[in-house]
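Novice: First the structure, which I've put down as structure tokens, then a few questions once you've had a look.
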Amino acid sequence: MLPAIYCLDDAFVSKLFSPGFTTSASIAAYTHLSASEGGSMFIRNIMNISFAALIMKLSIPVVKNLLSKRQIMNGSFDPLRLVNTYGAFGTVEEIRTELIIEAASEDSGPWREYEFKVKPGNVKRRPRFISPYHYRLDWLMWIVALGSGIEQNLWICNFLKKLLEQDPEVMKLMANDPFGDTNTDEKPKYIRVTRYKYKFNDIGEKDYWIREPIGRFFPKEGTCSLEMLEAYTST
């Protein structure tokens with residue numbers, strides 16, 4: 001938080017202090033700059049150049065690691081740990097696991113799939129280029145899919161409840177509402193989440209993705225209603 005203070009404009013920060021304090025600070029800054037034109041500025045430039053040369057030298061193995069086919073993530077390459085590598089994912093797999101959410105007005109179906117704004121879902125939808133914007137919900141759904149179950153991610157239950165309730169704020173985070181575009185009075189009453197394995201299709205095919213189900217994520221068997229979700233989150 002503290003480094004962010006330097007991003008504030010001087011005119012804005014000056015309003016937080018009295019006029020006398022602001023004037024004294026301006027005089028002190030001018031005096032410091034005038035005094036720095038002599039030998040102290042020379043010494044400071046030498047220190048800056050030396051520090052930059054040191055960082056460049058220590059960065060050589062880091063850059064080599066970045067260009068390597070087998071990157072080392074979150075590692076150090078010098079005893080003092082001045083220059084390090086950081087990254088959540090060193091490589092991207094060709095096959096990814098995704099969670100697909102479906103809802104129905106009857107326990108027997110038909111089931112309608114919820115589509116997210118960027119994460120893979122419909123196999124016919126082209127992958128989106130989203131940088132630098134971060135779609136946090138889509139990203140969290142992928143992270144949850146890599147885990148063991150919903151027990152470590154109870155927020156999913158609240159999310160599913162909001163989908164069944166067709167909460168307007170939550171539906172804004174989705175690419176579609178499968179029950180909002182119909183001409184009937186059908187409402188989602190049952191919901192389920194299934195794990196799918198996704199991989200890119202061959203070039204020239206109509207579908208961008210090939211997917212296959214690999215197991216139920218929640219609930220493990222059957223379906224889940226709003227009452228069941230409320231009972232699950234209250235325990």
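The chains in the structure tokens are called A, B, ... from first to last as shown; in each chain the residues are counted from 1, and the ligands are counted from 1 in the order shown.
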Enumerate, as a ChimeraX atom specification, the complete set of residues in segment 39-218 of chain A that a backbone-based DSSP assignment places in alpha helix (DSSP H).
Specialist: /A:39-67,136-145,155-165,168-171
Novice: Which neighbours of Ser225 of chain A fall inside 8 Å, counting only C-alpha atoms, when residues of the same chain fewer than 6 positions from it are skipped, and could you give them as a VMD selection string?
Specialist: chain A and resid 189 to 191
Novice: Hey, what's within 12 Å of Glu230 of chain A if we count only C-alpha atoms and toss same-chain stuff fewer than 3 positions away? As number ranges by chain, please?
Specialist: A: 154, 157-162, 164-165, 224-227, 233-235
Novice: Only all heavy atoms, please: the residues just picked out, written as a tab-separated table (two decimals), in the first residue's frame.
Specialist:
chain	number	residue	atom	x	y	z
A	154	LEU	N	-16.55	-23.52	-0.91
A	154	LEU	CA	-17.97	-23.43	-0.59
A	154	LEU	C	-18.65	-22.23	-1.25
A	154	LEU	O	-19.88	-22.17	-1.31
A	154	LEU	CB	-18.17	-23.36	0.93
A	154	LEU	CG	-17.79	-24.63	1.69
A	154	LEU	CD1	-18.00	-24.44	3.18
A	154	LEU	CD2	-18.62	-25.81	1.20
A	157	CYS	N	-21.32	-22.99	-3.82
A	157	CYS	CA	-22.71	-23.23	-3.43
A	157	CYS	C	-23.52	-21.95	-3.49
A	157	CYS	O	-24.66	-21.93	-3.99
A	157	CYS	CB	-22.75	-23.84	-2.03
A	157	CYS	SG	-22.08	-25.50	-1.91
A	158	ASN	N	-22.96	-20.87	-2.96
A	158	ASN	CA	-23.66	-19.58	-3.03
A	158	ASN	C	-23.84	-19.12	-4.47
A	158	ASN	O	-24.85	-18.51	-4.82
A	158	ASN	CB	-22.90	-18.53	-2.22
A	158	ASN	CG	-22.94	-18.80	-0.73
A	158	ASN	OD1	-23.98	-19.19	-0.20
A	158	ASN	ND2	-21.83	-18.61	-0.05
A	159	PHE	N	-22.84	-19.40	-5.28
A	159	PHE	CA	-22.91	-19.03	-6.70
A	159	PHE	C	-24.04	-19.80	-7.38
A	159	PHE	O	-24.83	-19.23	-8.15
A	159	PHE	CB	-21.57	-19.32	-7.36
A	159	PHE	CG	-21.55	-19.09	-8.85
A	159	PHE	CD1	-21.96	-17.88	-9.39
A	159	PHE	CD2	-21.13	-20.09	-9.71
A	159	PHE	CE1	-21.93	-17.67	-10.76
A	159	PHE	CE2	-21.10	-19.89	-11.07
A	159	PHE	CZ	-21.52	-18.68	-11.60
A	160	LEU	N	-24.15	-21.09	-7.10
A	160	LEU	CA	-25.21	-21.90	-7.69
A	160	LEU	C	-26.59	-21.44	-7.22
A	160	LEU	O	-27.57	-21.45	-7.99
A	160	LEU	CB	-25.00	-23.38	-7.35
A	160	LEU	CG	-23.70	-24.02	-7.89
A	160	LEU	CD1	-23.61	-25.47	-7.45
A	160	LEU	CD2	-23.64	-23.92	-9.41
A	161	LYS	N	-26.67	-21.04	-5.96
A	161	LYS	CA	-27.93	-20.52	-5.42
A	161	LYS	C	-28.36	-19.27	-6.20
A	161	LYS	O	-29.53	-19.11	-6.55
A	161	LYS	CB	-27.78	-20.19	-3.94
A	161	LYS	CG	-27.77	-21.39	-3.02
A	161	LYS	CD	-27.44	-21.00	-1.59
A	161	LYS	CE	-28.32	-19.91	-1.07
A	161	LYS	NZ	-28.00	-19.53	0.32
A	162	LYS	N	-27.41	-18.38	-6.44
A	162	LYS	CA	-27.72	-17.15	-7.18
A	162	LYS	C	-28.16	-17.45	-8.61
A	162	LYS	O	-29.02	-16.75	-9.16
A	162	LYS	CB	-26.51	-16.23	-7.18
A	162	LYS	CG	-26.10	-15.72	-5.81
A	162	LYS	CD	-27.16	-14.86	-5.18
A	162	LYS	CE	-26.70	-14.29	-3.85
A	162	LYS	NZ	-27.76	-13.45	-3.21
A	164	LEU	N	-29.80	-20.20	-9.56
A	164	LEU	CA	-31.17	-20.69	-9.48
A	164	LEU	C	-32.15	-19.57	-9.18
A	164	LEU	O	-33.29	-19.60	-9.63
A	164	LEU	CB	-31.27	-21.77	-8.40
A	164	LEU	CG	-30.61	-23.12	-8.71
A	164	LEU	CD1	-30.76	-24.09	-7.55
A	164	LEU	CD2	-31.20	-23.73	-9.98
A	165	GLU	N	-31.71	-18.59	-8.42
A	165	GLU	CA	-32.57	-17.45	-8.10
A	165	GLU	C	-32.59	-16.42	-9.22
A	165	GLU	O	-33.34	-15.45	-9.17
A	165	GLU	CB	-32.09	-16.79	-6.81
A	165	GLU	CG	-32.23	-17.67	-5.58
A	165	GLU	CD	-31.52	-17.09	-4.36
A	165	GLU	OE1	-30.75	-16.12	-4.54
A	165	GLU	OE2	-31.73	-17.60	-3.26
A	224	CYS	N	-29.34	-31.11	-7.60
A	224	CYS	CA	-29.38	-30.28	-6.40
A	224	CYS	C	-30.41	-29.18	-6.59
A	224	CYS	O	-30.46	-28.54	-7.65
A	224	CYS	CB	-28.00	-29.68	-6.11
A	224	CYS	SG	-27.86	-28.98	-4.46
A	225	SER	N	-31.22	-28.96	-5.57
A	225	SER	CA	-32.23	-27.91	-5.61
A	225	SER	C	-31.80	-26.74	-4.74
A	225	SER	O	-30.79	-26.81	-4.02
A	225	SER	CB	-33.58	-28.44	-5.14
A	225	SER	OG	-33.49	-28.84	-3.77
A	226	LEU	N	-32.59	-25.68	-4.77
A	226	LEU	CA	-32.27	-24.50	-3.96
A	226	LEU	C	-32.32	-24.83	-2.48
A	226	LEU	O	-31.47	-24.38	-1.70
A	226	LEU	CB	-33.25	-23.38	-4.30
A	226	LEU	CG	-33.03	-22.03	-3.60
A	226	LEU	CD1	-31.66	-21.47	-3.97
A	226	LEU	CD2	-34.12	-21.05	-3.97
A	227	GLU	N	-33.29	-25.64	-2.08
A	227	GLU	CA	-33.39	-26.01	-0.67
A	227	GLU	C	-32.18	-26.82	-0.21
A	227	GLU	O	-31.67	-26.65	0.89
A	227	GLU	CB	-34.68	-26.81	-0.43
A	227	GLU	CG	-35.97	-26.03	-0.60
A	227	GLU	CD	-36.30	-25.77	-2.06
A	227	GLU	OE1	-35.70	-26.44	-2.94
A	227	GLU	OE2	-37.15	-24.89	-2.33
A	233	THR	N	-25.06	-25.15	2.75
A	233	THR	CA	-24.24	-24.01	3.18
A	233	THR	C	-24.46	-23.67	4.65
A	233	THR	O	-23.62	-23.00	5.27
A	233	THR	CB	-24.58	-22.77	2.34
A	233	THR	OG1	-25.99	-22.54	2.38
A	233	THR	CG2	-24.15	-22.99	0.90
A	234	SER	N	-25.58	-24.09	5.23
A	234	SER	CA	-25.87	-23.77	6.63
A	234	SER	C	-25.20	-24.74	7.59
A	234	SER	O	-25.11	-24.45	8.79
A	234	SER	CB	-27.37	-23.78	6.87
A	234	SER	OG	-27.93	-25.07	6.61
A	235	THR	N	-24.74	-25.87	7.10
A	235	THR	CA	-24.09	-26.86	7.99
A	235	THR	C	-22.62	-26.55	8.14
A	235	THR	O	-22.02	-25.87	7.34
A	235	THR	CB	-24.26	-28.27	7.40
A	235	THR	OG1	-23.73	-28.31	6.07
A	235	THR	CG2	-25.73	-28.66	7.37
Novice: Taking into account only C-alpha atoms, which residue in the set A:Leu173, A:Ile72, A:Leu137, A:Glu115 is nearest to Ile101 of chain A?
Specialist: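 Of the candidates, the smallest distance to Ile101 of chain A is held by A:Glu115.
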Novice: Rounded to one decimal in Å, what is the spacing between atom CA of Gly109 of chain A and atom CA of Arg125 of chain A?
Specialist: 23.8 Å
Novice: Using DSSP on the backbone coordinates, identify the residues of segment 26-226 of chain A assigned to strand (DSSP E or B); present them as a PyMOL selection string.
Specialist: chain A and resi 76+84+95-104+112-113+116+174+190-200+209-218+224-225
